[in-house]
Amino acid sequence: MADLTTDFLGIKSPNPFWLASAPPTDKEYNVRRAFEAGWGGVVWKTLGSEGPPVVNVNGPRYGAIWGADRRLLGLNNIELITDRPLETNLEEIARVKADYPDRAMIVSLMVPCDEESWKAILPRVSETGADGIELNFGCPHGMSERGMGAAVGQVPEYVEMVTRWCKMYYDKPVIVKLTPNIADIRGPARAAKNGGADAVSLINTINSITSVNLDSMSPEPMIDGRGTHGGYCGPAVKPIALNMVAEIARDAETRGLPISGIGGVTTWRDAAEFMALGAGNVQVCTAAMTYGFKIVQEMISGLSQWMDEKGYTDTSQIVGRAVPNVTDWQYLNLNHVTKARIDQDLCIKCGRCYAACEDTSHQAISMSPDRVFEVMDNECVACNLCINVCPVEDCITMEVLEPGQIDERTGTVVEDTYANWTTHPNNPMAKAAE
Amino acid sequence: MTTPQRSDGVQPGRLARSALDENFRDAYPPLDAHEAIVAADRCYFCHDAPCITACPTEIDIPLFIRQIATGTSEAAARTILTQNILGGMCARVCPTETLCEQACVREAAEGKPVEIGQLQRYATDTLMGAGVHPFTRATPTGKTVAIVGAGPAGLACAHRLAMYGHDVVIFEARSKGGGLNEFGIAAYKSTLDFAQRELEWLLQIGGIEIRHNQRLGHEISLQGLREAHDAVFLGMGLAGVNALGVPGEDKIHAGDAVDFIAELRQAEDLASLPIGRRVVVIGGGMTAIDAGVQAKLLGAEDVSIVYRRGQDAMSASRHEQEHAQRKGVRLICNAAPVGIEGNGSLTGVRFAYTETHDGKLVVTDDTFTLPADQVFKAIGQTLAGVPDALELAGRKIAVSETGATSVKDVWAGGDCASGGDDLTVTAVAEGRDAAEDIHRRLMM
């Protein structure tokens, strides 16, 4: 059995599955149950400064979108940071950490953007014995209107400044949680690194309106006839998160900066993908909120089985393994030619590939009167849309043309050399052949 | 003590009313809103979908299912009813397992088709439940069309013609409309008087008058109808019943399955309907199944359906055969009746085993007797009372693709006309298509 023990910033946890800072980690009761269920660590729900706790709305806090059979695909929330007293949270954190010394305990923080506020709270957190802190520079709703959360995360200079204060007043690892509500994720990531961050975690939630109530003409979730944008998460955001993780993992300035991957992690496979793109561990929220704490059992068994099958013995062996293969479009091999192939034995003759190709793509699939669907190589550009819309797994696949074969669409022989846009004759900026 | 169930002979009240109520409730209860959404989610929205091709009325099934899935069942019902005005009844009685659901790609994918019939019922019930008739009548044209028979073919034809603004008079032989929807379908497929409710709903289009107790060749004649109307559509079904041609057929409890089914549908009180302790049904079609199952549900202790060919040759679908078996009806194949026995009252039916040689059925000398005190014959119906002027094709009225007969201005459709299976949905398609042709001719 593969060893899932993970060392992230020197913080050991029995597996790389942490619960993200969110409602599941709001109190001792939940966190104890999460640890009993097998979670490797938690990031405690964000604490604010001492004083009157924040208040939440008393109507719906969540909105959602669904796939077939009402599978939850995306969740949006307008909940704020913890609305329980600071002292209560700190006491509970200390108690739980003492009882579960082998689990990671990270405390998420969000206080006003001034040195005094951070200087005040950091020693209090330190006393709990928690393993580190995560700076919530990400929440896009509510707190950002008060100059916190995403309002900080969207300004790299603030990110760097606050990170620096934290490193000054706190002696354990500092993780900076990034907002995706920004044009280029590398800016705040570089700022965090420059400020001395030990790691970044991403993504926080995405600004969103999940739906509009067409009776009341209000965005949802709706509070007394009005709505506001909330933070979007869940399976639907995973592709956005994966890209941002990869961007940081391969950026010259941030390469090697530890990353905690967040965003729609629902199964062991999602976790493995985040880790392959450079995340040292993952944080989960929506999947737990949808199915409960028990899902971690599948994540643990699934990742173990896959690592065994691949011959990996330690999670560190998979971290970043796919990063070298993430590149820019201009470096993709234009001499690599594939064609779609339809397995007639697997085909159930729904014709979705045909409709997609005929109506919206390259008219490269033929349909016979008895519903046999075949790819016409002289039209197929290998766009993959047929595979994406086919309801039967592996019914349509991409076949790679071997060098020497003729691409019937272009009439040219497939070459065995690598050639990309930078040297392509159609590129006005092409570099002259050496 | 002999319980009513175990007493010999043909008698009523074999089961308590509560048991009868339970037996004759909806055999396939409708989907609720949640079930409909779950079922609709499974549709792949196929291109040029095979289910549409498999439907005699060519309902745009993927479209109506998508409309259900997106919360607009009323729009879904319009999609259905535009093609098939009796979509509500067809959702209940169509052998979907051999039509749309057999063609469903999810049948090919995992042996579990989308529940098209049930979804169609959900949509049409939703619209009809709201009391909405979604079609309006065009400006009256002043043309009149006579229709013979208020069954599925006649009603579909009438509705389409009325929609186009023509005046329609339906001449119906019975005192009640609906045809086989009302008289020829197992009670558990059409509960709560659905056939009459659907008929009344259909008539909301306006411009349709039904005259009852009007039989062709008796109260009315084809010539008379032609003279009084601009066009005539014949949809009178098959009034005759095939005979077995064996001794004893005239015994008092040797009856026609169609009469039993009709009587049961019209019965005010099922407990008053007599049924045998041991019942034998002869035949292999839907009528045989409906009679056999309902005999069992009425409390017959022992029911056998006996068919002269192999099980694969039965015209009742496998799904229907299994339904009968689940209800405790025995299917006996490859046996042909040779005599109905009994000195006075009926005591049994003598069968001879059959064999098929080169596709030809051979009755052997090997016989057996099934004890019975009631026999239902379900070996097919025949055309009866057809005016001589009409050309026949085989044993039915010869018609063109659009239902035109050999006589000018006379169309025919449904079971009485050539072509197509004898199904409600086929009758609807033929009635509708004839109406389109009639309309074209009238407006020339």
# chains A, B, ... in the order shown; residues from 1 in each chain; ligands from 1

call {"tool": "residues_around", "arguments": {"residues": "Arg215 (chain B)", "least_positions_apart": "6", "cutoff": "9 Å", "atoms": "only C-alpha atoms", "output": "number ranges by chain"}}
result
B: 148-149, 171-174, 221

call {"tool": "select_by_dssp", "arguments": {"residues": "region 114-353 of chain B", "states": "strand (DSSP E or B)", "output": "PyMOL selection string"}}
result
chain B and resi 144-148+167-171+208-211+216+220+231-234+240-241+254-256+275-276+278-282+302-306+330-332+335-341+348-353

call {"tool": "write_last_selection", "arguments": {"atoms": "C-alpha atoms", "output": "PDB file, in the first residue's frame"}}
result
ATOM      1  CA  THR B 144     -68.770  18.846 -43.904  1.00  0.00           C
ATOM      2  CA  VAL B 145     -67.195  15.464 -43.407  1.00  0.00           C
ATOM      3  CA  ALA B 146     -68.914  12.293 -42.219  1.00  0.00           C
ATOM      4  CA  ILE B 147     -66.895   9.915 -40.087  1.00  0.00           C
ATOM      5  CA  VAL B 148     -68.018   6.394 -39.315  1.00  0.00           C
ATOM      6  CA  ASP B 167     -67.719  20.538 -39.767  1.00  0.00           C
ATOM      7  CA  VAL B 168     -67.569  16.920 -38.715  1.00  0.00           C
ATOM      8  CA  VAL B 169     -70.345  14.479 -37.923  1.00  0.00           C
ATOM      9  CA  ILE B 170     -69.289  11.181 -36.378  1.00  0.00           C
ATOM     10  CA  PHE B 171     -71.695   8.267 -36.791  1.00  0.00           C
ATOM     11  CA  ILE B 208     -67.604  17.867 -34.044  1.00  0.00           C
ATOM     12  CA  GLU B 209     -71.003  16.275 -33.531  1.00  0.00           C
ATOM     13  CA  ILE B 210     -71.334  12.627 -32.497  1.00  0.00           C
ATOM     14  CA  ARG B 211     -74.505  10.736 -33.411  1.00  0.00           C
ATOM     15  CA  LEU B 216     -73.389   1.460 -41.428  1.00  0.00           C
ATOM     16  CA  ILE B 220     -76.874   4.932 -42.366  1.00  0.00           C
ATOM     17  CA  ALA B 231     -66.101  13.606 -47.770  1.00  0.00           C
ATOM     18  CA  VAL B 232     -66.464  10.402 -45.778  1.00  0.00           C
ATOM     19  CA  PHE B 233     -63.952   8.699 -43.489  1.00  0.00           C
ATOM     20  CA  LEU B 234     -64.527   5.096 -42.444  1.00  0.00           C
ATOM     21  CA  GLY B 240     -66.774  -9.470 -36.615  1.00  0.00           C
ATOM     22  CA  VAL B 241     -65.085 -12.144 -34.528  1.00  0.00           C
ATOM     23  CA  ALA B 254     -67.740 -20.249 -24.571  1.00  0.00           C
ATOM     24  CA  GLY B 255     -67.643 -16.549 -25.452  1.00  0.00           C
ATOM     25  CA  ASP B 256     -65.640 -13.936 -27.273  1.00  0.00           C
ATOM     26  CA  ILE B 275     -66.192 -15.496 -14.038  1.00  0.00           C
ATOM     27  CA  GLY B 276     -65.257 -19.162 -14.185  1.00  0.00           C
ATOM     28  CA  ARG B 278     -61.043 -22.393 -14.450  1.00  0.00           C
ATOM     29  CA  VAL B 279     -60.732 -20.207 -17.514  1.00  0.00           C
ATOM     30  CA  VAL B 280     -59.146 -21.006 -20.848  1.00  0.00           C
ATOM     31  CA  VAL B 281     -58.320 -18.231 -23.309  1.00  0.00           C
ATOM     32  CA  ILE B 282     -57.559 -19.252 -26.869  1.00  0.00           C
ATOM     33  CA  ASP B 302     -56.758 -21.133 -12.808  1.00  0.00           C
ATOM     34  CA  VAL B 303     -56.288 -19.273 -16.093  1.00  0.00           C
ATOM     35  CA  SER B 304     -54.487 -20.550 -19.175  1.00  0.00           C
ATOM     36  CA  ILE B 305     -53.834 -18.765 -22.422  1.00  0.00           C
ATOM     37  CA  VAL B 306     -53.362 -21.341 -25.132  1.00  0.00           C
ATOM     38  CA  ARG B 330     -50.220 -19.821 -17.536  1.00  0.00           C
ATOM     39  CA  LEU B 331     -49.101 -19.575 -21.157  1.00  0.00           C
ATOM     40  CA  ILE B 332     -49.358 -22.772 -23.157  1.00  0.00           C
ATOM     41  CA  ALA B 335     -51.540 -26.364 -28.933  1.00  0.00           C
ATOM     42  CA  ALA B 336     -54.672 -25.933 -31.037  1.00  0.00           C
ATOM     43  CA  PRO B 337     -58.245 -26.467 -29.812  1.00  0.00           C
ATOM     44  CA  VAL B 338     -60.045 -29.460 -31.275  1.00  0.00           C
ATOM     45  CA  GLY B 339     -63.185 -29.479 -29.215  1.00  0.00           C
ATOM     46  CA  ILE B 340     -65.002 -27.827 -26.330  1.00  0.00           C
ATOM     47  CA  GLU B 341     -66.181 -30.534 -23.984  1.00  0.00           C
ATOM     48  CA  GLY B 348     -62.999 -28.440 -20.554  1.00  0.00           C
ATOM     49  CA  VAL B 349     -61.236 -27.813 -23.802  1.00  0.00           C
ATOM     50  CA  ARG B 350     -59.496 -30.520 -25.762  1.00  0.00           C
ATOM     51  CA  PHE B 351     -56.268 -29.438 -27.453  1.00  0.00           C
ATOM     52  CA  ALA B 352     -53.940 -31.127 -29.897  1.00  0.00           C
ATOM     53  CA  TYR B 353     -50.263 -30.381 -29.828  1.00  0.00           C
TER      54      TYR B 353
END

call {"tool": "atom_distance", "arguments": {"atom1": "CA of Gly38 (chain A)", "atom2": "CA of Met105 (chain A)"}}
result
13.7 Å

call {"tool": "interface_residues", "arguments": {"of": "chain B", "to": "chain A", "cutoff": "7 Å", "atoms": "only C-alpha atoms", "output": "count of residues only"}}
result
8

call {"tool": "residues_around", "arguments": {"residues": "region 239-242 of chain A", "least_positions_apart": "4", "cutoff": "9 Å", "atoms": "only C-alpha atoms", "output": "NGL selection string"}}
result
:A and (180 or 202-204 or 235 or 246-247 or 261-264 or 273-274 or 277)

call {"tool": "write_last_selection", "arguments": {"atoms": "C-alpha atoms", "output": "compact mmCIF listing (two decimals), in the first residue's frame"}}
result
# COMPACT_ATOMS: atom_id res chain seq x y z
CA PRO A 180 -9.25 33.72 -8.52
CA LEU A 202 -5.91 28.28 -4.24
CA ILE A 203 -8.45 28.87 -5.44
CA ASN A 204 -10.85 30.68 -3.19
CA PRO A 235 -16.89 20.48 -9.41
CA ALA A 246 -0.40 25.06 -12.96
CA GLU A 247 0.35 28.69 -13.79
CA GLY A 261 -4.76 22.83 -4.19
CA ILE A 262 -8.40 23.83 -3.79
CA GLY A 263 -11.35 23.96 -6.15
CA GLY A 264 -13.90 21.27 -6.82
CA GLU A 273 -4.74 15.81 -10.77
CA PHE A 274 -4.17 18.82 -8.53
CA LEU A 277 0.03 19.94 -11.39

call {"tool": "residues_around", "arguments": {"residues": "Gly231 (chain A)", "least_positions_apart": "5", "cutoff": "9 Å", "atoms": "only C-alpha atoms", "output": "PyMOL selection string"}}
result
chain A and resi 75-79+139-141+204-209

call {"tool": "atom_distance", "arguments": {"atom1": "CA of Met443 (chain B)", "atom2": "CA of Thr79 (chain B)"}}
result
26.0 Å

call {"tool": "residues_around", "arguments": {"residues": "region 410-420 of chain A", "least_positions_apart": "4", "cutoff": "10 Å", "atoms": "only C-alpha atoms", "output": "PDB file with C-alpha atoms, in the first residue's frame"}}
result
ATOM      1  CA  TRP A 329      -0.035  26.987 -27.206  1.00  0.00           C
ATOM      2  CA  GLN A 330       2.807  28.156 -29.389  1.00  0.00           C
ATOM      3  CA  TYR A 331       4.907  25.176 -28.349  1.00  0.00           C
ATOM      4  CA  LEU A 332       2.352  22.494 -29.194  1.00  0.00           C
ATOM      5  CA  ASN A 333       3.485  20.099 -31.904  1.00  0.00           C
ATOM      6  CA  LEU A 334       1.675  21.032 -35.118  1.00  0.00           C
ATOM      7  CA  ASN A 335       2.987  17.890 -36.817  1.00  0.00           C
ATOM      8  CA  HIS A 336       1.015  15.667 -34.444  1.00  0.00           C
ATOM      9  CA  VAL A 337      -2.026  14.462 -36.393  1.00  0.00           C
ATOM     10  CA  ASP A 377     -10.725  11.535 -42.451  1.00  0.00           C
ATOM     11  CA  ASN A 378     -10.603  14.096 -45.227  1.00  0.00           C
ATOM     12  CA  GLU A 379     -12.685  16.494 -43.093  1.00  0.00           C
ATOM     13  CA  VAL A 381      -9.593  18.116 -37.773  1.00  0.00           C
ATOM     14  CA  LEU A 401      -1.365   8.981 -37.448  1.00  0.00           C
ATOM     15  CA  GLU A 402       2.118   7.527 -37.689  1.00  0.00           C
ATOM     16  CA  PRO A 403       4.848   9.439 -39.487  1.00  0.00           C
ATOM     17  CA  GLY A 404       4.716   8.567 -43.178  1.00  0.00           C
ATOM     18  CA  GLN A 405       0.933   8.222 -43.241  1.00  0.00           C
ATOM     19  CA  ILE A 406      -1.081  10.716 -45.261  1.00  0.00           C
ATOM     20  CA  HIS A 424       5.581  27.898 -38.799  1.00  0.00           C
ATOM     21  CA  ALA A 430       8.389  33.062 -37.082  1.00  0.00           C
TER      22      ALA A 430
END

call {"tool": "atom_distance", "arguments": {"atom1": "CA of Ile252 (chain B)", "atom2": "CA of Ala291 (chain B)"}}
result
17.4 Å

call {"tool": "residues_around", "arguments": {"residues": "Thr53 (chain B)", "least_positions_apart": "4", "cutoff": "12 Å", "atoms": "only C-alpha atoms", "output": "CSV table (one decimal) with N, CA and C atoms, in the first residue's frame"}}
result
chain,number,residue,atom,x,y,z
A,369,PRO,N,-28.4,5.7,-43.8
A,369,PRO,CA,-29.8,5.5,-43.5
A,369,PRO,C,-30.0,4.6,-42.3
A,370,ASP,N,-29.2,3.6,-42.1
A,370,ASP,CA,-29.4,2.7,-41.0
A,370,ASP,C,-28.5,3.1,-39.8
A,371,ARG,N,-28.2,4.4,-39.7
A,371,ARG,CA,-27.6,5.0,-38.5
A,371,ARG,C,-26.2,4.5,-38.2
B,46,CYS,N,-31.2,12.4,-28.8
B,46,CYS,CA,-30.5,11.9,-30.0
B,46,CYS,C,-30.8,12.7,-31.3
B,47,HIS,N,-29.8,12.7,-32.2
B,47,HIS,CA,-30.1,13.3,-33.5
B,47,HIS,C,-31.0,12.4,-34.3
B,48,ASP,N,-32.0,13.0,-34.9
B,48,ASP,CA,-32.9,12.2,-35.8
B,48,ASP,C,-33.3,10.9,-35.1
B,49,ALA,N,-33.8,11.1,-33.9
B,49,ALA,CA,-33.9,10.0,-32.9
B,49,ALA,C,-34.6,8.7,-33.4
B,57,THR,N,-46.9,7.6,-34.9
B,57,THR,CA,-47.4,9.0,-35.1
B,57,THR,C,-46.2,10.0,-35.1
B,58,GLU,N,-45.0,9.5,-35.1
B,58,GLU,CA,-43.8,10.3,-35.2
B,58,GLU,C,-43.8,11.5,-34.2
B,59,ILE,N,-44.1,11.2,-33.0
B,59,ILE,CA,-44.0,12.3,-32.0
B,59,ILE,C,-42.5,12.7,-31.8
B,60,ASP,N,-42.2,14.0,-31.7
B,60,ASP,CA,-40.8,14.4,-31.4
B,60,ASP,C,-40.5,14.1,-29.9
B,61,ILE,N,-40.1,12.9,-29.7
B,61,ILE,CA,-39.9,12.4,-28.3
B,61,ILE,C,-38.8,13.2,-27.6
B,62,PRO,N,-37.6,13.3,-28.2
B,62,PRO,CA,-36.5,14.0,-27.5
B,62,PRO,C,-36.9,15.4,-27.1
B,99,LEU,N,-42.0,-0.5,-29.6
B,99,LEU,CA,-42.0,0.7,-30.4
B,99,LEU,C,-40.9,1.6,-30.0
B,100,CYS,N,-41.2,2.8,-29.4
B,100,CYS,CA,-40.2,3.8,-29.1
B,100,CYS,C,-39.2,3.3,-28.1
B,101,GLU,N,-39.6,2.6,-27.1
B,101,GLU,CA,-38.6,2.2,-26.1
B,101,GLU,C,-37.7,1.1,-26.5
B,102,GLN,N,-38.2,0.3,-27.5
B,102,GLN,CA,-37.3,-0.7,-28.1
B,102,GLN,C,-36.2,0.0,-28.9
B,103,ALA,N,-36.6,1.1,-29.5
B,103,ALA,CA,-35.6,1.8,-30.4
B,103,ALA,C,-34.7,2.8,-29.6
B,104,CYS,N,-35.1,3.0,-28.3
B,104,CYS,CA,-34.3,4.0,-27.5
B,104,CYS,C,-32.8,3.5,-27.4
